>>> print(open('target.txt').read())   # compact mmCIF, C-alpha atoms and all ligand atoms
# COMPACT_ATOMS: atom_id res chain seq x y z
CA MET A 1 1.81 10.13 -53.46
CA SER A 2 -1.09 10.84 -51.16
CA LYS A 3 0.36 8.38 -48.61
CA GLN A 4 3.68 10.32 -48.69
CA ASN A 5 1.83 13.62 -48.08
CA ASN A 6 0.13 12.15 -45.03
CA VAL A 7 3.48 11.15 -43.54
CA MET A 8 4.90 14.63 -44.15
CA LYS A 9 1.89 16.26 -42.48
CA LYS A 10 2.25 14.13 -39.34
CA ASN A 11 5.92 15.02 -38.89
CA SER A 12 5.61 18.73 -39.66
CA PRO A 13 5.87 20.98 -36.56
CA LEU A 14 3.22 23.24 -38.02
CA THR A 15 0.34 20.89 -38.59
CA PRO A 16 -3.08 22.41 -37.86
CA ARG A 17 -3.09 20.37 -34.65
CA THR A 18 0.24 21.70 -33.22
CA ARG A 19 -0.11 25.29 -34.42
CA PRO A 20 -2.59 26.42 -31.67
CA ALA A 21 -0.50 24.70 -28.97
CA ARG A 22 2.60 26.51 -30.16
CA GLY A 23 0.73 29.83 -30.25
CA CYS A 24 -0.50 29.19 -26.74
CA LEU A 25 3.05 28.44 -25.53
CA LEU A 26 4.40 31.62 -27.11
CA PHE A 27 1.59 33.58 -25.44
CA ILE A 28 2.30 32.04 -21.99
CA ILE A 29 6.04 32.78 -22.23
CA GLY A 30 5.77 36.03 -24.16
CA LEU A 31 3.18 37.82 -22.07
CA PRO A 32 5.18 37.75 -18.77
CA LEU A 33 8.31 38.72 -20.70
CA ILE A 34 6.56 41.80 -22.07
CA TYR A 35 4.83 42.55 -18.71
CA TYR A 36 7.96 42.36 -16.54
CA GLY A 37 10.14 43.75 -19.35
CA ILE A 38 8.13 46.98 -19.31
CA PHE A 39 8.32 47.05 -15.50
CA PHE A 40 12.10 46.56 -15.45
CA ALA A 41 12.52 49.32 -18.03
CA PHE A 42 10.76 51.82 -15.72
CA ARG A 43 11.65 50.27 -12.33
CA GLY A 44 14.12 52.94 -11.34
CA PRO A 45 17.25 52.40 -9.18
CA LEU A 46 17.35 49.42 -6.82
CA PRO A 47 17.64 49.96 -3.03
CA SER A 48 21.31 50.07 -2.07
CA ASN A 49 20.98 48.11 1.18
CA PRO A 50 18.06 45.64 1.12
CA GLN A 51 17.04 44.63 4.62
CA LEU A 52 16.93 41.10 5.99
CA LEU A 53 13.95 40.58 8.29
CA ALA A 54 13.61 37.24 10.08
CA HIS A 55 9.92 36.28 10.09
CA ARG A 56 8.93 34.90 13.52
CA GLY A 57 12.69 34.72 14.12
CA GLY A 58 13.08 32.24 11.26
CA PRO A 59 11.13 29.01 11.81
CA ALA A 60 13.33 27.24 9.25
CA HIS A 61 15.98 26.93 11.97
CA ALA A 62 14.24 26.90 15.39
CA PRO A 63 10.71 26.91 16.83
CA GLU A 64 8.98 30.10 15.67
CA ASN A 65 8.79 33.16 17.93
CA THR A 66 11.20 31.73 20.52
CA ILE A 67 14.41 33.14 21.98
CA ALA A 68 16.31 30.35 20.15
CA ALA A 69 14.85 31.47 16.82
CA PHE A 70 15.63 35.15 17.46
CA GLN A 71 19.19 34.28 18.51
CA ASN A 72 19.68 32.28 15.30
CA ALA A 73 18.31 35.15 13.26
CA ILE A 74 20.73 37.61 14.83
CA GLU A 75 23.63 35.22 14.23
CA SER A 76 22.51 34.84 10.59
CA GLY A 77 22.98 38.57 10.09
CA ALA A 78 19.34 39.68 10.25
CA ASP A 79 18.82 43.45 10.31
CA TRP A 80 15.38 43.00 11.89
CA ILE A 81 13.55 40.34 13.83
CA GLU A 82 9.81 40.04 13.19
CA MET A 83 7.54 38.75 15.97
CA ASP A 84 3.85 38.41 16.82
CA VAL A 85 2.58 40.05 19.99
CA GLN A 86 -0.54 39.03 21.91
CA GLN A 87 -1.70 39.64 25.48
CA THR A 88 -2.33 37.26 28.38
CA LYS A 89 -5.38 37.26 30.66
CA ASP A 90 -3.34 39.20 33.25
CA GLY A 91 -2.28 41.80 30.69
CA VAL A 92 1.28 40.71 29.87
CA LEU A 93 2.52 40.99 26.29
CA VAL A 94 3.75 37.64 24.96
CA VAL A 95 5.29 36.65 21.64
CA ILE A 96 3.15 34.02 19.94
CA HIS A 97 1.54 33.90 16.50
CA ASP A 98 -1.88 32.31 17.00
CA GLU A 99 -4.78 33.39 19.19
CA THR A 100 -4.51 29.97 20.84
CA VAL A 101 -1.48 28.09 22.15
CA ASN A 102 -2.63 24.86 20.45
CA ARG A 103 -0.41 24.79 17.35
CA THR A 104 2.89 26.08 18.72
CA THR A 105 2.96 24.63 22.25
CA ASP A 106 2.06 21.41 24.07
CA GLY A 107 -0.93 23.12 25.69
CA THR A 108 -4.41 24.18 24.67
CA GLY A 109 -6.47 27.31 25.17
CA ARG A 110 -6.78 30.91 24.09
CA VAL A 111 -3.97 33.32 24.95
CA GLU A 112 -6.51 35.83 26.27
CA ASP A 113 -7.84 33.21 28.72
CA LEU A 114 -4.44 32.12 30.09
CA THR A 115 -2.26 33.87 32.65
CA LEU A 116 1.43 34.45 32.05
CA GLU A 117 2.22 31.73 34.59
CA GLN A 118 0.04 29.23 32.71
CA ILE A 119 1.62 30.13 29.37
CA ARG A 120 5.14 29.94 30.78
CA ALA A 121 4.48 26.36 31.90
CA LEU A 122 4.13 25.30 28.24
CA ASP A 123 6.76 23.96 25.83
CA ALA A 124 6.95 26.09 22.68
CA GLY A 125 9.18 23.49 20.94
CA ASP A 126 12.58 22.00 21.77
CA GLY A 127 12.07 23.02 25.42
CA GLU A 128 11.72 26.72 24.54
CA LEU A 129 9.26 28.94 26.41
CA VAL A 130 6.81 31.45 24.98
CA PRO A 131 8.82 34.65 25.50
CA THR A 132 7.43 37.90 26.80
CA PHE A 133 7.68 40.92 24.50
CA GLU A 134 10.05 42.51 26.99
CA GLU A 135 12.40 39.50 26.91
CA VAL A 136 12.66 39.74 23.13
CA ILE A 137 13.36 43.47 23.32
CA LEU A 138 16.12 42.81 25.86
CA LEU A 139 17.65 40.18 23.57
CA ALA A 140 17.47 42.60 20.63
CA ARG A 141 19.16 45.29 22.70
CA GLU A 142 22.23 43.11 23.24
CA SER A 143 23.04 43.23 19.51
CA GLY A 144 21.13 46.37 18.52
CA VAL A 145 19.06 44.46 15.93
CA LEU A 146 15.92 46.31 14.80
CA ILE A 147 12.53 44.86 15.71
CA LEU A 148 9.26 44.51 13.80
CA PRO A 149 6.61 43.54 16.35
CA GLU A 150 3.18 42.76 14.92
CA ALA A 151 0.11 43.74 16.93
CA LYS A 152 -1.68 40.44 16.34
CA SER A 153 -5.47 40.37 16.62
CA PRO A 154 -5.41 43.70 18.52
CA HIS A 155 -9.23 43.83 18.58
CA LEU A 156 -9.08 41.05 21.19
CA TYR A 157 -6.81 42.83 23.62
CA PRO A 158 -7.80 46.04 25.40
CA GLU A 159 -5.04 48.66 25.22
CA ILE A 160 -2.52 46.38 23.53
CA GLU A 161 -1.22 49.34 21.49
CA LYS A 162 -0.62 51.39 24.66
CA ASN A 163 1.08 48.41 26.33
CA MET A 164 3.34 47.85 23.32
CA VAL A 165 4.35 51.51 23.12
CA GLU A 166 4.95 51.71 26.88
CA THR A 167 7.05 48.53 26.86
CA LEU A 168 9.19 49.86 24.01
CA ILE A 169 9.70 53.21 25.73
CA ALA A 170 10.40 51.62 29.14
CA ASN A 171 13.18 49.61 27.49
CA ASP A 172 14.45 52.55 25.46
CA TYR A 173 13.83 50.70 22.21
CA GLU A 174 11.06 52.72 20.54
CA GLN A 175 13.43 54.19 17.97
CA LYS A 176 14.60 50.76 16.89
CA ALA A 177 11.10 49.39 16.43
CA MET A 178 8.40 49.51 13.80
CA ILE A 179 4.96 48.21 14.77
CA GLN A 180 3.06 46.36 12.05
CA SER A 181 -0.50 45.07 11.83
CA PHE A 182 -3.14 43.88 9.38
CA GLU A 183 -5.60 45.92 11.47
CA HIS A 184 -4.68 49.41 10.33
CA ASP A 185 -6.97 51.06 12.92
CA SER A 186 -4.62 49.68 15.54
CA LEU A 187 -1.66 51.43 13.91
CA GLU A 188 -3.62 54.69 13.91
CA ILE A 189 -3.97 54.24 17.68
CA VAL A 190 -0.20 53.71 17.96
CA GLN A 191 0.41 56.92 16.02
CA LYS A 192 -2.00 58.84 18.25
CA ILE A 193 -0.23 57.57 21.37
CA ASN A 194 3.21 58.38 20.02
CA ALA A 195 3.66 59.88 16.56
CA ASP A 196 7.40 59.16 16.62
CA ILE A 197 6.99 55.40 16.54
CA ASN A 198 7.21 53.96 13.03
CA VAL A 199 4.36 51.81 11.82
CA CYS A 200 4.00 49.47 8.87
CA PRO A 201 0.56 48.47 7.58
CA LEU A 202 0.41 44.84 6.41
CA TYR A 203 -1.47 43.92 3.23
CA GLY A 204 -2.54 40.37 2.42
CA LEU A 205 -4.25 38.33 -0.25
CA GLY A 206 -6.29 40.44 -2.69
CA THR A 207 -4.43 43.72 -2.17
CA LEU A 208 -3.21 44.83 -5.58
CA SER A 209 -2.80 48.55 -4.90
CA LEU A 210 -0.88 50.45 -2.24
CA SER A 211 -1.48 53.81 -3.86
CA ASP A 212 -3.80 55.09 -1.16
CA PRO A 213 -2.69 53.73 2.24
CA GLN A 214 -5.03 54.76 5.05
CA LEU A 215 -2.04 55.66 7.16
CA GLY A 216 -0.62 58.85 5.74
CA GLU A 217 2.34 58.79 8.10
CA ALA A 218 3.48 55.24 7.36
CA LYS A 219 6.94 55.37 5.82
CA THR A 220 6.97 51.62 5.17
CA LEU A 221 4.37 49.35 3.58
CA CYS A 222 4.34 45.55 3.95
CA PRO A 223 2.54 43.78 1.08
CA MET A 224 2.43 40.05 0.31
CA ALA A 225 4.94 38.73 -2.26
CA GLU A 226 2.31 36.88 -4.25
CA MET A 227 0.46 40.16 -4.85
CA ILE A 228 3.70 41.89 -5.87
CA VAL A 229 4.19 39.15 -8.50
CA LEU A 230 0.82 40.12 -9.95
CA ASN A 231 1.38 43.88 -9.65
CA PRO A 232 5.03 44.91 -9.20
CA TRP A 233 3.99 48.51 -9.87
CA MET A 234 2.95 48.66 -6.19
CA ILE A 235 6.66 48.94 -5.34
CA ARG A 236 7.21 51.68 -7.89
CA GLN A 237 4.20 53.61 -6.56
CA ALA A 238 5.43 53.36 -2.95
CA HIS A 239 8.91 54.57 -3.97
CA THR A 240 7.37 57.51 -5.84
CA ASP A 241 5.57 58.37 -2.57
CA ASN A 242 8.88 58.11 -0.68
CA ARG A 243 7.88 54.94 1.12
CA GLN A 244 9.88 51.76 1.45
CA VAL A 245 8.43 48.32 0.84
CA PHE A 246 9.11 45.28 3.03
CA VAL A 247 7.66 42.17 1.39
CA TRP A 248 6.46 39.08 3.26
CA PHE A 249 5.82 35.68 1.69
CA GLY A 250 2.53 33.78 1.84
CA VAL A 251 3.40 30.37 0.38
CA ILE A 252 6.11 30.84 -2.25
CA GLU A 253 9.19 31.61 -0.16
CA HIS A 254 12.15 30.21 -2.11
CA PRO A 255 15.57 31.68 -2.97
CA ILE A 256 14.33 32.27 -6.55
CA ALA A 257 11.30 34.16 -5.24
CA MET A 258 13.58 36.18 -2.91
CA ARG A 259 15.87 37.14 -5.82
CA PHE A 260 12.84 38.08 -7.92
CA MET A 261 11.45 40.37 -5.19
CA LEU A 262 14.85 42.06 -4.83
CA ALA A 263 15.05 42.51 -8.61
CA LEU A 264 11.60 44.12 -8.55
CA GLY A 265 12.94 46.67 -6.04
CA ALA A 266 11.82 45.47 -2.60
CA ASP A 267 13.58 47.37 0.21
CA GLY A 268 13.45 44.38 2.53
CA LEU A 269 12.25 40.77 2.70
CA ILE A 270 10.54 39.21 5.70
CA VAL A 271 11.63 35.56 5.49
CA ASP A 272 11.33 32.25 7.32
CA ASP A 273 14.86 31.30 6.29
CA PRO A 274 17.18 34.19 7.17
CA GLY A 275 20.24 32.04 6.32
CA ALA A 276 19.09 31.68 2.69
CA LEU A 277 18.53 35.42 2.31
CA ALA A 278 21.86 36.18 4.04
CA GLU A 279 23.57 34.10 1.35
CA ILE A 280 21.77 35.96 -1.43
CA LEU A 281 22.70 39.31 0.14
CA ASP A 282 26.28 38.12 0.61
CA ARG A 283 26.26 38.65 4.39
O1 LIG B 1 5.43 40.38 8.59
C1 LIG B 1 4.41 39.81 7.88
C2 LIG B 1 3.85 38.59 8.46
O2 LIG B 1 4.25 38.45 9.77
C3 LIG B 1 2.39 38.46 8.35
O3 LIG B 1 1.97 37.14 8.45
O4 LIG B 1 0.64 35.51 9.63
O5 LIG B 1 3.05 35.30 9.61
O6 LIG B 1 2.01 37.05 10.97
P1 LIG B 1 1.94 36.24 9.73
CA CA B 2 3.68 38.29 11.92
>>> encode(input="target.txt", output="structure tokens")
Amino acid sequence: MSKQNNVMKKNSPLTPRTRPARGCLLFIIGLPLIYYGIFFAFRGPLPSNPQLLAHRGGPAHAPENTIAAFQNAIESGADWIEMDVQQTKDGVLVVIHDETVNRTTDGTGRVEDLTLEQIRALDAGDGELVPTFEEVILLARESGVLILPEAKSPHLYPEIEKNMVETLIANDYEQKAMIQSFEHDSLEIVQKINADINVCPLYGLGTLSLSDPQLGEAKTLCPMAEMIVLNPWMIRQAHTDNRQVFVWFGVIEHPIAMRFMLALGADGLIVDDPGALAEILDR
């Protein structure tokens, strides 16, 4: 009899040994369901026309921040092309992500120490050149695509904000641009130079609240997707303040993550793979 009881105990799904594991599983699944369930109940209406923003032109298809990448992005149906702007030793704005040319070209050195001529001699991948900011604006003008230039490391470059604003105005593209930066002081400078130019402060790892952006005039906020996963109420707060939210991805860009951000109410997604988002948006 006692032997039979032992057998029954081992096979039972609710033995003292399995009960805590089951409770733990229910907690892991149940907590997010309750958390996001409450959010979805109070999320409010979804944006009617979510924007497709090609991050660095879309490095999934061509070398990042090159004319080839921006052309691909436009052909994929991107509403915006995102790019990183830095400044050469001789004061020319160029489109490149890092402070050095080491990772994205066949050369070495800091952008601020190289002249335009030296940078243009480099291969930025597949025979592409590092484009100037003006070249990318001219390409954008051909199709009318909106642009999201990022003032990258602006503390390194004297008057980069003034140069960016002047280049946009000289090419009659200031109304189709929104300047973004992690260095919000730089965006304040942009606003002082020309209050009509839209700016978008970027927020990275560790930012879990957008409720008090330094930049009162910013109509768009650009937080990191991973932080939105932790606190989707940031989107709700921005919408309550009449601001739109363009989300960029740190490491988890995937069609499922894109769909999740759209379901949470993002107004736009800044993505490496514009083709994948175009499919989701049915473009
Ligand atoms: O637009 C957001 C994004 O560009 C920020 O990250 O490092 O790719 O410039 P990063
Ligand atoms: Ca960028």
>>> residues_around(input="target.txt", residues="A:Gly44", least_positions_apart="4", cutoff="10 Å", atoms="all atoms listed in the file", output="PyMOL selection string")
chain A and resi 39-40+236+239-240+264-265
>>> closest_residue(input="target.txt", among="A:Ile119, A:Leu205, A:Leu93, A:Ala140", to="A:Val165", atoms="all atoms listed in the file")
A:Leu93
>>> residues_around(input="target.txt", residues="A:Gly125", least_positions_apart="3", cutoff="10 Å", atoms="only C-alpha atoms", output="ChimeraX atom specification")
/A:62-64,66,68,104-106,122,128-130
>>> residues_near_ligand(input="target.txt", ligand="ligand LIG 1 (chain B)", cutoff="12 Å", atoms="all atoms listed in the file", output="short mmCIF file (atom, residue, chain, number, x, y, z; two decimals) with C-alpha atoms, keeping the file's coordinate frame")
data_model
loop_
_atom_site.label_atom_id
_atom_site.label_comp_id
_atom_site.auth_asym_id
_atom_site.auth_seq_id
_atom_site.Cartn_x
_atom_site.Cartn_y
_atom_site.Cartn_z
CA LEU A 52 16.93 41.10 5.99
CA LEU A 53 13.95 40.58 8.29
CA ALA A 54 13.61 37.24 10.08
CA HIS A 55 9.92 36.28 10.09
CA ARG A 56 8.93 34.90 13.52
CA GLY A 57 12.69 34.72 14.12
CA GLY A 58 13.08 32.24 11.26
CA PRO A 59 11.13 29.01 11.81
CA GLU A 64 8.98 30.10 15.67
CA ASN A 65 8.79 33.16 17.93
CA TRP A 80 15.38 43.00 11.89
CA ILE A 81 13.55 40.34 13.83
CA GLU A 82 9.81 40.04 13.19
CA MET A 83 7.54 38.75 15.97
CA ASP A 84 3.85 38.41 16.82
CA VAL A 85 2.58 40.05 19.99
CA GLN A 86 -0.54 39.03 21.91
CA VAL A 95 5.29 36.65 21.64
CA ILE A 96 3.15 34.02 19.94
CA HIS A 97 1.54 33.90 16.50
CA ASP A 98 -1.88 32.31 17.00
CA GLU A 99 -4.78 33.39 19.19
CA ILE A 147 12.53 44.86 15.71
CA LEU A 148 9.26 44.51 13.80
CA PRO A 149 6.61 43.54 16.35
CA GLU A 150 3.18 42.76 14.92
CA ALA A 151 0.11 43.74 16.93
CA LYS A 152 -1.68 40.44 16.34
CA SER A 153 -5.47 40.37 16.62
CA MET A 178 8.40 49.51 13.80
CA ILE A 179 4.96 48.21 14.77
CA GLN A 180 3.06 46.36 12.05
CA SER A 181 -0.50 45.07 11.83
CA PHE A 182 -3.14 43.88 9.38
CA GLU A 183 -5.60 45.92 11.47
CA VAL A 199 4.36 51.81 11.82
CA CYS A 200 4.00 49.47 8.87
CA PRO A 201 0.56 48.47 7.58
CA LEU A 202 0.41 44.84 6.41
CA TYR A 203 -1.47 43.92 3.23
CA GLY A 204 -2.54 40.37 2.42
CA LEU A 205 -4.25 38.33 -0.25
CA THR A 220 6.97 51.62 5.17
CA LEU A 221 4.37 49.35 3.58
CA CYS A 222 4.34 45.55 3.95
CA PRO A 223 2.54 43.78 1.08
CA MET A 224 2.43 40.05 0.31
CA ALA A 225 4.94 38.73 -2.26
CA VAL A 245 8.43 48.32 0.84
CA PHE A 246 9.11 45.28 3.03
CA VAL A 247 7.66 42.17 1.39
CA TRP A 248 6.46 39.08 3.26
CA PHE A 249 5.82 35.68 1.69
CA GLY A 250 2.53 33.78 1.84
CA VAL A 251 3.40 30.37 0.38
CA GLY A 268 13.45 44.38 2.53
CA LEU A 269 12.25 40.77 2.70
CA ILE A 270 10.54 39.21 5.70
CA VAL A 271 11.63 35.56 5.49
CA ASP A 272 11.33 32.25 7.32
#
>>> atom_distance(input="target.txt", atom1="atom CA of A:Gly275", atom2="atom CA of A:Ile256")
14.2 Å
>>> atom_distance(input="target.txt", atom1="atom CA of A:Ser209", atom2="atom CA of A:Asn231")
7.9 Å
>>> closest_residue(input="target.txt", among="A:Ile280, A:Leu208, A:Ala218, A:Leu116", to="A:Gln191", atoms="all atoms listed in the file")
A:Ala218
>>> atom_distance(input="target.txt", atom1="atom CA of A:Glu161", atom2="atom CA of A:Lys176")
16.5 Å
>>> axis_aligned_box(input="target.txt", around="stretch 99-116 of chain A", padding_each_side="5 Å", output="AutoDock Vina command-line options")
--center_x -2.4 --center_y 28.6 --center_z 25.0 --size_x 20.8 --size_y 24.4 --size_z 25.3
>>> closest_residue(input="target.txt", among="A:Glu174, A:Leu262, A:His254, A:Pro232", to="A:Phe42", atoms="all atoms listed in the file")
A:Pro232
>>> closest_residue(input="target.txt", among="A:Gln87, A:Ser48, A:Ser143, A:Thr18", to="A:Ala73", atoms="all atoms listed in the file")
A:Ser143
>>> residues_around(input="target.txt", residues="stretch 113-115 of chain A", least_positions_apart="3", cutoff="7 Å", atoms="all atoms listed in the file", output="mmCIF file with C-alpha atoms, in the coordinates of the input")
data_model
loop_
_atom_site.group_PDB
_atom_site.id
_atom_site.type_symbol
_atom_site.label_atom_id
_atom_site.label_comp_id
_atom_site.auth_asym_id
_atom_site.auth_seq_id
_atom_site.Cartn_x
_atom_site.Cartn_y
_atom_site.Cartn_z
ATOM 1 C CA THR A 88 -2.330 37.260 28.380
ATOM 2 C CA LYS A 89 -5.380 37.260 30.660
ATOM 3 C CA ASP A 90 -3.340 39.200 33.250
ATOM 4 C CA ARG A 110 -6.780 30.910 24.090
ATOM 5 C CA GLN A 118 0.040 29.230 32.710
ATOM 6 C CA ILE A 119 1.620 30.130 29.370
#
